[in-house]
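Asks: A single structure is presented below for examination.
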Amino acid sequence: SSRRIGSPSPVGRRPTNLSQAHRRYFLSVAEAAKAEFVGREQVRWIRRLHAEQGNIWRAIDHAVAAADVSEGTEHVLRFGAALVRYWVDNSQRERALGVIAPALERPEASADLSLRSTALASAAMIARGVDMELALRLGKEAMEIADQLGEDRLLIHAGTVLCCILYFAGTPNRGLAYGEAAVERARRTGDDGLLGPSLVFLVMCVDQVQPDRTEALTAEAIACVERSGDQSLAGALYNNAGV
């Protein structure tokens, strides 16, 4: 039988295709935002993410429930890796952790170990304001995988996160070693987008353990984020320097 032009497609076909296209598009938006979040376009991208909150969370819900579990899991982890800074800065920790942590428990979450390490570190940073024990567990696993793979960016990311978590856990002396290693690697990359965040948390640990180094490291950190244009980190650093 024929179907009128413009009438709905059969149930189960068109909505599935649309939800997949929607998810992939807003994942590309999130990952573009991540690339720009440490630079001079940060404010523009924060506004874009604010405006697209409904679409982004709908896309994540689609990824969680995707019929293709492998792709859906990958997309959840990629959303987590892309949006960690935005979620932490905008008080969305609990909602974000509620989708990323279960996805990390799926067998499919180990298909790409590099992505798993990145997502674990991101989830650990998000969990830091919700469940410190979970944050430490996730951060340690992220570091274990990073050590196994030997990738600089993974080691910098995981080390920075553990430095932060251990500081807020009240053990800055333990966080110091992770922070030092992350900063040293980040300096070698010449990437201010990697170096800035790693310096922020190292300075916090150093100020508690080796305060005579605080002033010089703070100056380096401020110079770094001024070069990159990361305004939210610059604000945090100026505030900490003032304190």
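How things are named: the first chain in the structure tokens is A, the next is B, and so on; residues count from 1 in each chain; ligands count from 1 in the order shown.
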List every residue of region 82-154 of chain A that has an atom at most 12 Å from any atom of region 230-243 of chain A, giving for each one its closest atom pair and the distance in Å to one decimal, counting only C-alpha atoms, sorted by chain and then by ascending residue number, as a Markdown table.
Replies:
```
| residue | atom | partner | partner_atom | distance |
| --- | --- | --- | --- | --- |
| A:Arg85 | CA | A:Ser232 | CA | 9.9 |
| A:Tyr86 | CA | A:Ser232 | CA | 10.4 |
| A:Val88 | CA | A:Ser232 | CA | 11.6 |
| A:Asp89 | CA | A:Ser232 | CA | 8.7 |
| A:Asn90 | CA | A:Ser232 | CA | 11.5 |
```
Asks: Could the residues in this selection be saved with N, CA and C atoms as a compact mmCIF listing (two decimals), in the first residue's frame?
Replies:
```txt
# COMPACT_ATOMS: atom_id res chain seq x y z
N ARG A 85 34.99 20.12 32.43
CA ARG A 85 35.20 21.48 32.95
C ARG A 85 33.87 22.24 33.06
N TYR A 86 33.06 22.12 32.04
CA TYR A 86 31.78 22.84 32.03
C TYR A 86 30.89 22.36 33.17
N VAL A 88 31.72 20.81 36.00
CA VAL A 88 32.27 21.15 37.31
C VAL A 88 32.04 22.63 37.61
N ASP A 89 32.27 23.49 36.62
CA ASP A 89 32.14 24.93 36.84
C ASP A 89 30.69 25.38 36.95
N ASN A 90 29.75 24.53 36.50
CA ASN A 90 28.34 24.94 36.48
C ASN A 90 27.45 24.03 37.31
```
Asks: Give me, as JSON lines, each residue of region 37-108 of chain A that comes within 8 Å of region 125-146 of chain A, together with its shortest interatomic pair and the distance in Å at one decimal, counting only C-alpha atoms, with rows ordered by chain and rising residue number.
Replies:
```
{"residue": "A:Val84", "atom": "CA", "partner": "A:Ile126", "partner_atom": "CA", "distance": 6.7}
{"residue": "A:Trp87", "atom": "CA", "partner": "A:Ile126", "partner_atom": "CA", "distance": 7.6}
{"residue": "A:Val88", "atom": "CA", "partner": "A:Ile126", "partner_atom": "CA", "distance": 6.1}
{"residue": "A:Arg93", "atom": "CA", "partner": "A:Ile126", "partner_atom": "CA", "distance": 5.3}
{"residue": "A:Glu94", "atom": "CA", "partner": "A:Val130", "partner_atom": "CA", "distance": 6.7}
{"residue": "A:Ala96", "atom": "CA", "partner": "A:Ile126", "partner_atom": "CA", "distance": 7.5}
{"residue": "A:Leu97", "atom": "CA", "partner": "A:Ala127", "partner_atom": "CA", "distance": 6.5}
```
Asks: Hey, can you check how far CA of Val29 (chain A) sits from CA of Gly72 (chain A)?
Replies: 16.6 Å
Asks: Write out as a list in words the residues lying within 9 Å of Leu194 (chain A), counting only C-alpha atoms and excluding same-chain residues fewer than 5 positions away.
Replies: Val38, Arg153, Ile156, His157, Val183, Ala186, Arg187, Thr189 and Leu199 of chain A
Asks: Kindly export the residues of the current selection with N, CA and C atoms, as a PDB file, in the first residue's frame.
Replies:
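Final output, saved to selection24.pdb:
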```pdb
ATOM      1  N   VAL A  38      39.762  26.019  26.791  1.00  0.00           N
ATOM      2  CA  VAL A  38      40.955  26.519  27.479  1.00  0.00           C
ATOM      3  C   VAL A  38      41.522  27.748  26.777  1.00  0.00           C
ATOM      4  N   ARG A 153      49.641  12.765  27.357  1.00  0.00           N
ATOM      5  CA  ARG A 153      48.407  13.486  27.675  1.00  0.00           C
ATOM      6  C   ARG A 153      47.590  12.754  28.736  1.00  0.00           C
ATOM      7  N   ILE A 156      49.365  13.297  32.070  1.00  0.00           N
ATOM      8  CA  ILE A 156      49.167  14.668  32.559  1.00  0.00           C
ATOM      9  C   ILE A 156      47.767  14.817  33.141  1.00  0.00           C
ATOM     10  N   HIS A 157      46.782  14.333  32.401  1.00  0.00           N
ATOM     11  CA  HIS A 157      45.392  14.449  32.835  1.00  0.00           C
ATOM     12  C   HIS A 157      45.166  13.718  34.146  1.00  0.00           C
ATOM     13  N   VAL A 183      53.030  18.415  35.768  1.00  0.00           N
ATOM     14  CA  VAL A 183      53.532  19.721  35.310  1.00  0.00           C
ATOM     15  C   VAL A 183      54.794  19.556  34.480  1.00  0.00           C
ATOM     16  N   ALA A 186      53.760  18.368  31.136  1.00  0.00           N
ATOM     17  CA  ALA A 186      53.034  19.415  30.418  1.00  0.00           C
ATOM     18  C   ALA A 186      53.980  20.496  29.912  1.00  0.00           C
ATOM     19  N   ARG A 187      54.989  20.823  30.690  1.00  0.00           N
ATOM     20  CA  ARG A 187      55.977  21.819  30.238  1.00  0.00           C
ATOM     21  C   ARG A 187      56.670  21.344  28.960  1.00  0.00           C
ATOM     22  N   THR A 189      55.489  19.517  26.639  1.00  0.00           N
ATOM     23  CA  THR A 189      54.627  19.557  25.460  1.00  0.00           C
ATOM     24  C   THR A 189      54.547  20.956  24.857  1.00  0.00           C
ATOM     25  N   LEU A 199      49.228  23.279  36.635  1.00  0.00           N
ATOM     26  CA  LEU A 199      49.883  24.223  37.559  1.00  0.00           C
ATOM     27  C   LEU A 199      48.939  24.680  38.663  1.00  0.00           C
TER      28      LEU A 199
END
```
Asks: Can you pull out the residues contacting Glu180 (chain A)? Cut-off 12 Å, using only C-alpha atoms, and skip same-chain residues under 6 positions away; I want them as a count of residues only.
Replies: 23
Asks: Report the distance between CA of Arg106 (chain A) and CA of Ala32 (chain A) in Å, rounded to one decimal place.
Replies: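 Spanning CA of Arg106 (chain A) to CA of Ala32 (chain A) is a straight-line distance of 26.1 Å.
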